[in-house]
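Below you'll find the structure, written out as structure tokens, and then a few comments.
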There are 6 protein chains.
Amino acid sequence: MIYITRRERFNAAHRLYRNDFSDEKNLEVFGKCSNPNWHGHNYELFVTVKGETSPETGFLVNLKILSKLIRETVIVKLDHKNINLEVDFMQGKLASTENLAVGIWNEIEEEIKSLGAELHCVKLSESENNSAEYYG
Amino acid sequence: MIYITRRERFNAAHRLYRNDFSDEKNLEVFGKCSNPNWHGHNYELFVTVKGETSPETGFLVNLKILSKLIRETVIVKLDHKNINLEVDFMQGKLASTENLAVGIWNEIEEEIKSLGAELHCVKLSESENNSAEYYG
Amino acid sequence: MIYITRRERFNAAHRLYRNDFSDEKNLEVFGKCSNPNWHGHNYELFVTVKGETSPETGFLVNLKILSKLIRETVIVKLDHKNINLEVDFMQGKLASTENLAVGIWNEIEEEIKSLGAELHCVKLSESENNSAEYYG
Amino acid sequence: MIYITRRERFNAAHRLYRNDFSDEKNLEVFGKCSNPNWHGHNYELFVTVKGETSPETGFLVNLKILSKLIRETVIVKLDHKNINLEVDFMQGKLASTENLAVGIWNEIEEEIKSLGAELHCVKLSESENNSAEYYG
Amino acid sequence: MIYITRRERFNAAHRLYRNDFSDEKNLEVFGKCSNPNWHGHNYELFVTVKGETSPETGFLVNLKILSKLIRETVIVKLDHKNINLEVDFMQGKLASTENLAVGIWNEIEEEIKSLGAELHCVKLSESENNSAEYYG
Amino acid sequence: MIYITRRERFNAAHRLYRNDFSDEKNLEVFGKCSNPNWHGHNYELFVTVKGETSPETGFLVNLKILSKLIRETVIVKLDHKNINLEVDFMQGKLASTENLAVGIWNEIEEEIKSLGAELHCVKLSESENNSAEYYG
């Protein structure tokens, strides 16, 4: 069993808030992340897949193909977008790093299988100090 | 003459566009950065000041005081904000990295003098690949 | 189950030595890390907690609260301090990265539970080349 | 149980290809990595070992000794070398990051035991975007 | 006057040697960098251009266009290539970081002018410890 | 004219204080950096030299020789040392980053000339946020 990790990046706007909270309550719970005019991040996404190395290629998966899959499945939906308003798989969810990591997992899990590998971990970093990991 | 650099960080939303351009023209000129729903970045700001080292303290400027000055003068206006809508010194300007670096210079230049130093450079990084520098 | 990691930093002095070793023996076992006049590091501390995401907030834990807890529980004791002389939870222990990681775990484990999460990993980096991880 | 990680680096040339493939087939499967004139990388190697901390030294293993072991066992064979032509433990294997991580594991696993610790993970990074991990 | 820097990356093989030196002399002067079987690096290229910000776009140059120019002019010639054997503008030159930085400058200087900016600096990093800068 | 930069690292303890200040005054001026029990840093030193590239070697200076010179001239005096107590060229000076950068410049300026190059800049980083540069 070997593990391969591919890093991809996207820049996006978001806001943490609940519609059923007043502005004051949103500010109290989510702090300045609740700013109604949005803020944003350079997100770093680390996708780790696991499986057996192919004796024919020496690869678990071809990283160019893995990169293409991640970009076509999720980066295109996230990069230079507003996570709350524009990302289909985040509709009706709080745009936290935790929920975004789970959402990305759900979008790519089946796709990864088509490469002959298994998704192991989605790690999402929203700043140099904060990150979330999801293992399914 | 010695130079001291302090790094500060802020996360903000922005959009590159002109009101007098159509959506198509904005997309053509500014690409996905023109998204009307905004996107955002983790900006890194490097402020370099120059001058003589004080024989009394061994400092050009006390970096804690320089950090406080930068945070109170510009970071508080930029962090978790929408650069186009909320930042006073960017009103009426395109929210490019170039203009933002110049805007930050203008906000802090006089303040730095009050510390007994001279502003030398404002470097602003919007991603690991892109940055702007302004020397006045 | 989701995992969240918060990075905090501290700068400290330390020395690796045993009182019951001669200076020569300390030098032989601990090398230049045994310098009686101390040396120091910029430590990076990565605290990983695990648990369920709250449907109300989208958070496992609010990272601002986690950061505050780590800073008030351990960073205040470590930052700009001498680990051998001044850190209560390291008294009577060798000031190695291994022991420091375990010491930090013991200080914050119960506190993390008060946030409704479980401590998963304390990772401590003393340089770009050396780090220790403790999982309890 | 504690885990310690040591980073070492090496610069090497390699090529991904099979002798039993035509040039066209190699290009199709391995892309520009199949260039017959070679290309190269700055590899980062992270070796993680696990075990009990010694009460006498506060160390799981002395990191200077671990570093020396890694350098003398594998770095000397890899640094400024051609992985396909010159590295004994990679002969007859495709020079992929996956195979290289497994090869390094096999070279150092027994050696690590001589330090009183157990090899836990070999992580090999060939660029800021791509890495492989092997746990035996 | 504003300065903009774009980072691009390439992976390449090279060798430091002179044909008119014996193998022993090459080893003496260039060390392990003279390995006849090549070695390689992940190079980071930082291109800095200077000029006036356009009032119409807020840009000195559109970074997407600058990136495309750098990739089409030099990266395509360097990435996954052998610098000694395959890079036209390095033929007959020693493949040092210094010469490579100057070579890249000469390739892109005129092209940058076509963007309405002036080339200010080519910085080339061959490892985390070593880099060269050329200002024309 | 070409510029070459070599990075070296050292870990050291220090304290910012004046003997002719009371403890209260030292705390007021230097904050927690005045801790009488010391604290420390992982310093990063960037030495930039300038000159002409040798047509014989393609080098301004051989970076292995530059690295050896820096290590033998200053790193050996600084690494795992107490800057206030043990570093000869810092005696009688405040152990600030500014003074340390100037002190290192003075130690290596003449030595660099013996390599046929000229010292251009000493940059010293004491943390990811703070650095000083000296150009003579």
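In the structure tokens, chains take letters A, B, ... by order of appearance, with residues numbered from 1 within each chain and ligands from 1 in the order shown.
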Any chance you could lay chain E over chain A, fitting all C-alpha atoms in order by least squares, and write the moved chain as a CSV table (one decimal) with C-alpha atoms, in the first residue's frame?
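And here's selection13.csv as it stands now:
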```
chain,number,residue,atom,x,y,z
E,1,MET,CA,0.0,0.0,0.0
E,2,ILE,CA,1.4,3.4,-1.0
E,3,TYR,CA,0.0,6.9,-0.5
E,4,ILE,CA,0.3,9.8,-3.0
E,5,THR,CA,-0.6,13.4,-2.3
E,6,ARG,CA,-1.3,16.1,-4.9
E,7,ARG,CA,-1.6,19.8,-3.9
E,8,GLU,CA,-3.9,22.1,-5.8
E,9,ARG,CA,-4.8,25.7,-5.0
E,10,PHE,CA,-7.8,28.0,-5.3
E,11,ASN,CA,-8.7,31.5,-4.3
E,12,ALA,CA,-12.3,32.1,-3.2
E,13,ALA,CA,-14.6,34.4,-1.2
E,14,HIS,CA,-16.8,33.3,1.6
E,15,ARG,CA,-18.7,34.3,4.7
E,16,LEU,CA,-19.6,32.5,7.9
E,17,TYR,CA,-23.2,33.2,9.0
E,18,ARG,CA,-26.6,31.8,9.5
E,19,ASN,CA,-29.8,33.4,8.0
E,20,ASP,CA,-31.7,32.6,11.2
E,21,PHE,CA,-29.2,34.6,13.3
E,22,SER,CA,-29.3,38.4,13.7
E,23,ASP,CA,-26.3,40.3,12.6
E,24,GLU,CA,-25.3,40.7,16.2
E,25,LYS,CA,-25.6,37.0,16.8
E,26,ASN,CA,-23.6,36.2,13.7
E,27,LEU,CA,-20.9,38.6,14.8
E,28,GLU,CA,-20.8,37.0,18.3
E,29,VAL,CA,-20.5,33.4,17.0
E,30,PHE,CA,-18.4,33.9,13.8
E,31,GLY,CA,-16.5,37.1,14.6
E,32,LYS,CA,-15.2,39.1,11.6
E,33,CYS,CA,-15.7,36.0,9.4
E,34,SER,CA,-19.4,37.0,9.4
E,35,ASN,CA,-18.7,40.2,7.4
E,36,PRO,CA,-21.7,40.6,5.1
E,37,ASN,CA,-19.4,42.0,2.4
E,38,TRP,CA,-17.4,38.8,2.3
E,39,HIS,CA,-13.7,38.1,2.7
E,40,GLY,CA,-11.5,35.5,1.1
E,41,HIS,CA,-8.6,33.1,1.2
E,42,ASN,CA,-5.9,31.3,-0.8
E,43,TYR,CA,-6.9,27.8,-0.1
E,44,GLU,CA,-4.5,24.9,-0.4
E,45,LEU,CA,-6.0,21.5,-1.1
E,46,PHE,CA,-4.1,18.3,-0.4
E,47,VAL,CA,-5.7,15.2,-1.9
E,48,THR,CA,-4.1,11.9,-0.7
E,49,VAL,CA,-5.0,8.6,-2.4
E,50,LYS,CA,-3.9,5.1,-1.6
E,51,GLY,CA,-3.5,1.7,-3.3
E,52,GLU,CA,-1.1,-0.6,-5.0
E,53,THR,CA,1.7,0.6,-7.3
E,54,SER,CA,1.3,-0.6,-10.9
E,55,PRO,CA,4.2,-2.8,-11.9
E,56,GLU,CA,3.7,-1.5,-15.5
E,57,THR,CA,4.1,2.2,-14.7
E,58,GLY,CA,5.6,2.4,-11.3
E,59,PHE,CA,2.7,4.7,-10.4
E,60,LEU,CA,-0.2,4.3,-8.0
E,61,VAL,CA,-1.9,6.9,-10.2
E,62,ASN,CA,-0.4,9.2,-12.8
E,63,LEU,CA,-0.2,12.5,-10.9
E,64,LYS,CA,-1.0,14.5,-14.1
E,65,ILE,CA,-4.3,12.6,-14.4
E,66,LEU,CA,-5.0,13.0,-10.7
E,67,SER,CA,-4.3,16.7,-10.9
E,68,LYS,CA,-6.6,17.0,-14.0
E,69,LEU,CA,-9.4,15.1,-12.2
E,70,ILE,CA,-9.2,17.3,-9.1
E,71,ARG,CA,-9.2,20.5,-11.2
E,72,GLU,CA,-12.0,19.4,-13.4
E,73,THR,CA,-14.2,18.1,-10.5
E,74,VAL,CA,-13.7,20.7,-7.8
E,75,ILE,CA,-11.2,23.4,-8.5
E,76,VAL,CA,-13.2,24.7,-11.5
E,77,LYS,CA,-16.2,25.1,-9.2
E,78,LEU,CA,-14.2,26.8,-6.4
E,79,ASP,CA,-11.4,29.0,-7.9
E,80,HIS,CA,-12.2,32.7,-8.1
E,81,LYS,CA,-15.8,31.9,-6.8
E,82,ASN,CA,-18.0,32.9,-3.9
E,83,ILE,CA,-18.3,29.7,-1.9
E,84,ASN,CA,-21.6,30.7,-0.3
E,85,LEU,CA,-23.3,31.8,-3.5
E,86,GLU,CA,-21.8,29.9,-6.4
E,87,VAL,CA,-20.5,26.4,-5.3
E,88,ASP,CA,-23.3,23.8,-5.9
E,89,PHE,CA,-22.1,21.3,-3.4
E,90,MET,CA,-21.9,23.9,-0.6
E,91,GLN,CA,-25.5,25.2,-1.0
E,92,GLY,CA,-27.4,25.0,2.3
E,93,LYS,CA,-24.2,24.5,4.3
E,94,LEU,CA,-22.1,26.8,6.4
E,95,ALA,CA,-18.9,27.6,4.5
E,96,SER,CA,-16.5,26.5,7.1
E,97,THR,CA,-13.2,24.8,6.4
E,98,GLU,CA,-14.6,21.6,7.9
E,99,ASN,CA,-17.7,21.5,5.7
E,100,LEU,CA,-15.7,22.5,2.6
E,101,ALA,CA,-13.2,19.6,3.2
E,102,VAL,CA,-16.2,17.1,3.6
E,103,GLY,CA,-17.9,18.6,0.5
E,104,ILE,CA,-14.7,18.2,-1.6
E,105,TRP,CA,-14.4,14.6,-0.4
E,106,ASN,CA,-17.9,13.8,-1.5
E,107,GLU,CA,-17.3,15.3,-4.9
E,108,ILE,CA,-14.1,13.4,-5.7
E,109,GLU,CA,-14.5,10.1,-3.8
E,110,GLU,CA,-16.2,8.2,-6.7
E,111,GLU,CA,-14.0,9.9,-9.3
E,112,ILE,CA,-10.8,8.7,-7.6
E,113,LYS,CA,-12.0,5.1,-7.8
E,114,SER,CA,-12.2,5.4,-11.5
E,115,LEU,CA,-8.4,5.9,-11.4
E,116,GLY,CA,-7.9,2.5,-9.6
E,117,ALA,CA,-7.1,4.1,-6.3
E,118,GLU,CA,-8.9,4.9,-3.1
E,119,LEU,CA,-9.4,8.4,-1.6
E,120,HIS,CA,-7.6,8.5,1.8
E,121,CYS,CA,-7.6,12.1,3.0
E,122,VAL,CA,-8.7,15.6,2.0
E,123,LYS,CA,-6.7,18.2,3.8
E,124,LEU,CA,-7.7,21.8,3.3
E,125,SER,CA,-5.7,24.7,4.5
E,126,GLU,CA,-7.3,28.2,4.7
E,127,SER,CA,-4.2,30.0,6.1
E,128,GLU,CA,-0.7,29.1,7.3
E,129,ASN,CA,-2.2,28.6,10.8
E,130,ASN,CA,-5.5,26.8,10.1
E,131,SER,CA,-6.4,23.5,8.3
E,132,ALA,CA,-8.9,20.7,8.4
E,133,GLU,CA,-8.5,17.0,7.5
E,134,TYR,CA,-11.3,14.5,6.5
E,135,TYR,CA,-10.8,10.7,6.1
E,136,GLY,CA,-14.4,9.8,5.2
```
All alpha helix (DSSP H) residues (DSSP, backbone) inside stretch 9-129 of chain B, as a ChimeraX atom specification: /B:23-30,63-70,76-78,83-86,97-113
Kindly save the residues from that selection, with N, CA, C and O atoms included, as a compact mmCIF listing (two decimals), in the first residue's frame.
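File written: selection_5.txt
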```txt
# COMPACT_ATOMS: atom_id res chain seq x y z
N ASP B 23 -20.06 43.53 -18.76
CA ASP B 23 -19.60 42.28 -18.15
C ASP B 23 -18.65 41.54 -19.08
O ASP B 23 -17.64 40.98 -18.64
N GLU B 24 -18.96 41.55 -20.37
CA GLU B 24 -18.11 40.83 -21.33
C GLU B 24 -16.72 41.46 -21.41
O GLU B 24 -15.71 40.76 -21.44
N LYS B 25 -16.72 42.80 -21.44
CA LYS B 25 -15.44 43.52 -21.51
C LYS B 25 -14.63 43.29 -20.23
O LYS B 25 -13.41 43.07 -20.27
N ASN B 26 -15.32 43.32 -19.07
CA ASN B 26 -14.62 43.04 -17.81
C ASN B 26 -14.00 41.65 -17.82
O ASN B 26 -12.86 41.45 -17.40
N LEU B 27 -14.76 40.68 -18.31
CA LEU B 27 -14.26 39.31 -18.36
C LEU B 27 -13.07 39.21 -19.31
O LEU B 27 -12.09 38.52 -19.02
N GLU B 28 -13.17 39.93 -20.42
CA GLU B 28 -12.08 39.90 -21.39
C GLU B 28 -10.79 40.49 -20.82
O GLU B 28 -9.70 39.94 -21.01
N VAL B 29 -10.92 41.61 -20.10
CA VAL B 29 -9.73 42.29 -19.58
C VAL B 29 -9.22 41.67 -18.30
O VAL B 29 -8.01 41.47 -18.12
N PHE B 30 -10.12 41.33 -17.40
CA PHE B 30 -9.70 40.91 -16.05
C PHE B 30 -9.88 39.41 -15.79
O PHE B 30 -9.54 38.93 -14.71
N LEU B 63 10.29 46.54 16.71
CA LEU B 63 9.40 45.85 15.78
C LEU B 63 8.00 45.64 16.35
O LEU B 63 7.04 45.52 15.58
N LYS B 64 7.88 45.59 17.64
CA LYS B 64 6.52 45.49 18.22
C LYS B 64 5.74 46.77 17.94
O LYS B 64 4.54 46.72 17.64
N ILE B 65 6.42 47.92 18.02
CA ILE B 65 5.74 49.20 17.75
C ILE B 65 5.45 49.32 16.25
O ILE B 65 4.37 49.77 15.86
N LEU B 66 6.38 48.90 15.41
CA LEU B 66 6.14 48.94 13.97
C LEU B 66 4.96 48.05 13.60
O LEU B 66 4.07 48.43 12.81
N SER B 67 4.91 46.85 14.19
CA SER B 67 3.81 45.93 13.92
C SER B 67 2.47 46.56 14.34
O SER B 67 1.49 46.50 13.60
N LYS B 68 2.46 47.16 15.52
CA LYS B 68 1.23 47.79 16.04
C LYS B 68 0.79 48.92 15.10
O LYS B 68 -0.40 49.03 14.76
N LEU B 69 1.74 49.71 14.65
CA LEU B 69 1.44 50.82 13.74
C LEU B 69 0.81 50.29 12.45
O LEU B 69 -0.20 50.83 11.97
N ILE B 70 1.41 49.27 11.87
CA ILE B 70 0.87 48.73 10.61
C ILE B 70 -0.52 48.15 10.82
O ILE B 70 -1.43 48.37 10.03
N VAL B 76 -6.26 46.78 10.10
CA VAL B 76 -7.61 46.86 10.65
C VAL B 76 -8.63 47.25 9.57
O VAL B 76 -9.80 46.87 9.64
N LYS B 77 -8.18 48.00 8.57
CA LYS B 77 -9.07 48.41 7.48
C LYS B 77 -9.23 47.32 6.41
O LYS B 77 -10.16 47.38 5.60
N LEU B 78 -8.27 46.39 6.36
CA LEU B 78 -8.21 45.43 5.25
C LEU B 78 -8.62 44.01 5.65
O LEU B 78 -9.18 43.27 4.83
N ILE B 83 -12.28 44.72 -0.29
CA ILE B 83 -11.42 45.85 -0.66
C ILE B 83 -12.17 46.87 -1.49
O ILE B 83 -12.02 48.08 -1.30
N ASN B 84 -13.00 46.39 -2.40
CA ASN B 84 -13.75 47.33 -3.26
C ASN B 84 -14.78 48.13 -2.49
O ASN B 84 -14.94 49.33 -2.72
N LEU B 85 -15.49 47.49 -1.56
CA LEU B 85 -16.63 48.14 -0.91
C LEU B 85 -16.28 48.85 0.38
O LEU B 85 -16.94 49.80 0.76
N GLU B 86 -15.27 48.37 1.10
CA GLU B 86 -15.12 48.80 2.49
C GLU B 86 -13.84 49.55 2.83
O GLU B 86 -13.72 50.09 3.92
N THR B 97 -3.27 44.49 -7.13
CA THR B 97 -2.17 44.41 -6.17
C THR B 97 -1.31 45.67 -6.26
O THR B 97 -0.86 46.20 -5.23
N GLU B 98 -1.09 46.15 -7.48
CA GLU B 98 -0.30 47.38 -7.67
C GLU B 98 -0.93 48.55 -6.91
O GLU B 98 -0.26 49.24 -6.13
N ASN B 99 -2.23 48.79 -7.15
CA ASN B 99 -2.88 49.93 -6.51
C ASN B 99 -2.96 49.76 -5.00
O ASN B 99 -2.89 50.74 -4.24
N LEU B 100 -3.13 48.53 -4.57
CA LEU B 100 -3.23 48.27 -3.13
C LEU B 100 -1.88 48.56 -2.46
O LEU B 100 -1.83 49.15 -1.37
N ALA B 101 -0.79 48.17 -3.11
CA ALA B 101 0.55 48.44 -2.54
C ALA B 101 0.77 49.95 -2.42
O ALA B 101 1.25 50.45 -1.39
N VAL B 102 0.41 50.70 -3.46
CA VAL B 102 0.56 52.16 -3.43
C VAL B 102 -0.35 52.77 -2.36
O VAL B 102 0.06 53.66 -1.59
N GLY B 103 -1.58 52.26 -2.28
CA GLY B 103 -2.52 52.77 -1.27
C GLY B 103 -2.00 52.56 0.15
O GLY B 103 -2.10 53.45 1.00
N ILE B 104 -1.44 51.38 0.41
CA ILE B 104 -0.88 51.10 1.74
C ILE B 104 0.30 52.03 2.01
O ILE B 104 0.45 52.59 3.10
N TRP B 105 1.17 52.23 1.00
CA TRP B 105 2.30 53.18 1.16
C TRP B 105 1.79 54.54 1.63
O TRP B 105 2.29 55.10 2.60
N ASN B 106 0.78 55.05 0.93
CA ASN B 106 0.29 56.39 1.25
C ASN B 106 -0.30 56.46 2.66
O ASN B 106 -0.18 57.49 3.33
N GLU B 107 -0.91 55.37 3.11
CA GLU B 107 -1.49 55.36 4.46
C GLU B 107 -0.44 55.37 5.56
O GLU B 107 -0.65 55.93 6.62
N ILE B 108 0.70 54.69 5.31
CA ILE B 108 1.65 54.51 6.41
C ILE B 108 2.89 55.40 6.32
O ILE B 108 3.63 55.52 7.29
N GLU B 109 3.13 56.06 5.18
CA GLU B 109 4.39 56.79 5.00
C GLU B 109 4.63 57.81 6.12
O GLU B 109 5.72 57.85 6.71
N GLU B 110 3.63 58.63 6.40
CA GLU B 110 3.81 59.66 7.43
C GLU B 110 3.93 59.04 8.82
O GLU B 110 4.71 59.50 9.66
N GLU B 111 3.14 58.01 9.03
CA GLU B 111 3.15 57.35 10.35
C GLU B 111 4.53 56.80 10.67
O GLU B 111 4.99 56.85 11.81
N ILE B 112 5.20 56.22 9.65
CA ILE B 112 6.53 55.64 9.86
C ILE B 112 7.50 56.72 10.33
O ILE B 112 8.34 56.50 11.20
N LYS B 113 7.36 57.92 9.75
CA LYS B 113 8.27 59.01 10.15
C LYS B 113 8.18 59.30 11.65
O LYS B 113 9.17 59.66 12.28
```
Please identify which residues in chain E DSSP calls strand (DSSP E or B) from the backbone, and express them as a PyMOL selection string. chain E and resi 2-14+39-51+81-82+118-125+130-134
What would the file look like if the residues just selected were written as a short mmCIF file (atom, residue, chain, number, x, y, z; two decimals), in the first residue's frame with N, CA and C atoms?
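What ended up in again16.cif:
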```
data_model
loop_
_atom_site.label_atom_id
_atom_site.label_comp_id
_atom_site.auth_asym_id
_atom_site.auth_seq_id
_atom_site.Cartn_x
_atom_site.Cartn_y
_atom_site.Cartn_z
N ILE E 2 6.31 51.12 -10.39
CA ILE E 2 5.90 49.96 -9.58
C ILE E 2 6.64 48.73 -10.12
N TYR E 3 6.84 47.76 -9.24
CA TYR E 3 7.53 46.53 -9.62
C TYR E 3 6.58 45.34 -9.39
N ILE E 4 6.55 44.44 -10.36
CA ILE E 4 5.71 43.24 -10.24
C ILE E 4 6.59 42.01 -10.43
N THR E 5 6.40 41.01 -9.58
CA THR E 5 7.19 39.78 -9.70
C THR E 5 6.27 38.57 -9.93
N ARG E 6 6.64 37.80 -10.93
CA ARG E 6 5.93 36.54 -11.21
C ARG E 6 6.88 35.37 -11.00
N ARG E 7 6.43 34.37 -10.24
CA ARG E 7 7.22 33.16 -10.06
C ARG E 7 6.76 32.09 -11.03
N GLU E 8 7.71 31.44 -11.71
CA GLU E 8 7.42 30.23 -12.51
C GLU E 8 8.41 29.16 -12.07
N ARG E 9 8.12 27.92 -12.36
CA ARG E 9 8.98 26.81 -11.92
C ARG E 9 9.33 25.89 -13.09
N PHE E 10 10.49 25.27 -13.03
CA PHE E 10 10.80 24.21 -14.00
C PHE E 10 11.75 23.20 -13.36
N ASN E 11 11.67 21.97 -13.83
CA ASN E 11 12.52 20.88 -13.35
C ASN E 11 13.43 20.49 -14.50
N ALA E 12 14.74 20.44 -14.24
CA ALA E 12 15.67 20.18 -15.32
C ALA E 12 16.89 19.41 -14.81
N ALA E 13 17.57 18.75 -15.77
CA ALA E 13 18.84 18.10 -15.46
C ALA E 13 19.97 18.99 -15.96
N HIS E 14 21.12 18.90 -15.30
CA HIS E 14 22.29 19.59 -15.82
C HIS E 14 23.56 18.95 -15.28
N HIS E 39 22.64 15.41 -12.84
CA HIS E 39 21.75 15.48 -11.68
C HIS E 39 20.74 16.57 -12.03
N GLY E 40 19.89 16.96 -11.12
CA GLY E 40 18.86 17.93 -11.51
C GLY E 40 18.31 18.72 -10.34
N HIS E 41 17.45 19.66 -10.67
CA HIS E 41 16.89 20.57 -9.67
C HIS E 41 15.43 20.92 -10.01
N ASN E 42 14.71 21.35 -8.98
CA ASN E 42 13.47 22.10 -9.14
C ASN E 42 13.87 23.57 -9.10
N TYR E 43 13.95 24.20 -10.23
CA TYR E 43 14.31 25.62 -10.28
C TYR E 43 13.08 26.49 -10.04
N GLU E 44 13.28 27.58 -9.29
CA GLU E 44 12.25 28.61 -9.17
C GLU E 44 12.77 29.86 -9.85
N LEU E 45 11.97 30.40 -10.75
CA LEU E 45 12.34 31.59 -11.51
C LEU E 45 11.42 32.75 -11.10
N PHE E 46 12.03 33.85 -10.65
CA PHE E 46 11.28 35.05 -10.27
C PHE E 46 11.62 36.15 -11.27
N VAL E 47 10.64 36.56 -12.06
CA VAL E 47 10.84 37.62 -13.05
C VAL E 47 10.19 38.90 -12.53
N THR E 48 11.01 39.96 -12.34
CA THR E 48 10.48 41.24 -11.86
C THR E 48 10.52 42.26 -12.99
N VAL E 49 9.37 42.89 -13.25
CA VAL E 49 9.30 43.94 -14.27
C VAL E 49 8.86 45.23 -13.60
N LYS E 50 9.21 46.36 -14.23
CA LYS E 50 8.89 47.66 -13.64
C LYS E 50 8.28 48.59 -14.68
N GLY E 51 7.59 49.62 -14.21
CA GLY E 51 6.96 50.58 -15.11
C GLY E 51 5.85 51.32 -14.40
N LYS E 81 13.85 19.26 -19.22
CA LYS E 81 14.90 19.21 -20.24
C LYS E 81 16.26 19.03 -19.58
N ASN E 82 17.24 18.72 -20.43
CA ASN E 82 18.64 18.69 -20.04
C ASN E 82 19.25 20.03 -20.48
N GLU E 118 9.37 47.14 -18.38
CA GLU E 118 10.80 46.95 -18.53
C GLU E 118 11.24 45.84 -17.60
N LEU E 119 12.09 44.96 -18.09
CA LEU E 119 12.61 43.88 -17.24
C LEU E 119 13.53 44.50 -16.20
N HIS E 120 13.32 44.13 -14.92
CA HIS E 120 14.14 44.70 -13.84
C HIS E 120 15.11 43.67 -13.27
N CYS E 121 14.62 42.46 -13.01
CA CYS E 121 15.47 41.45 -12.37
C CYS E 121 15.02 40.04 -12.76
N VAL E 122 16.00 39.19 -13.00
CA VAL E 122 15.76 37.74 -13.12
C VAL E 122 16.44 37.09 -11.93
N LYS E 123 15.65 36.49 -11.06
CA LYS E 123 16.20 35.75 -9.92
C LYS E 123 15.93 34.27 -10.15
N LEU E 124 16.97 33.47 -9.99
CA LEU E 124 16.84 32.03 -10.22
C LEU E 124 17.36 31.30 -9.00
N SER E 125 16.52 30.44 -8.46
CA SER E 125 16.81 29.69 -7.25
C SER E 125 16.98 28.23 -7.63
N ASN E 130 20.53 28.31 -2.40
CA ASN E 130 21.34 28.95 -3.44
C ASN E 130 20.48 29.68 -4.47
N SER E 131 20.83 30.93 -4.77
CA SER E 131 20.12 31.64 -5.84
C SER E 131 21.04 32.68 -6.47
N ALA E 132 20.67 33.09 -7.69
CA ALA E 132 21.41 34.12 -8.41
C ALA E 132 20.43 35.19 -8.87
N GLU E 133 20.90 36.44 -8.94
CA GLU E 133 20.09 37.55 -9.44
C GLU E 133 20.86 38.30 -10.51
N TYR E 134 20.17 38.69 -11.57
CA TYR E 134 20.77 39.47 -12.64
C TYR E 134 19.87 40.65 -12.96
#
```
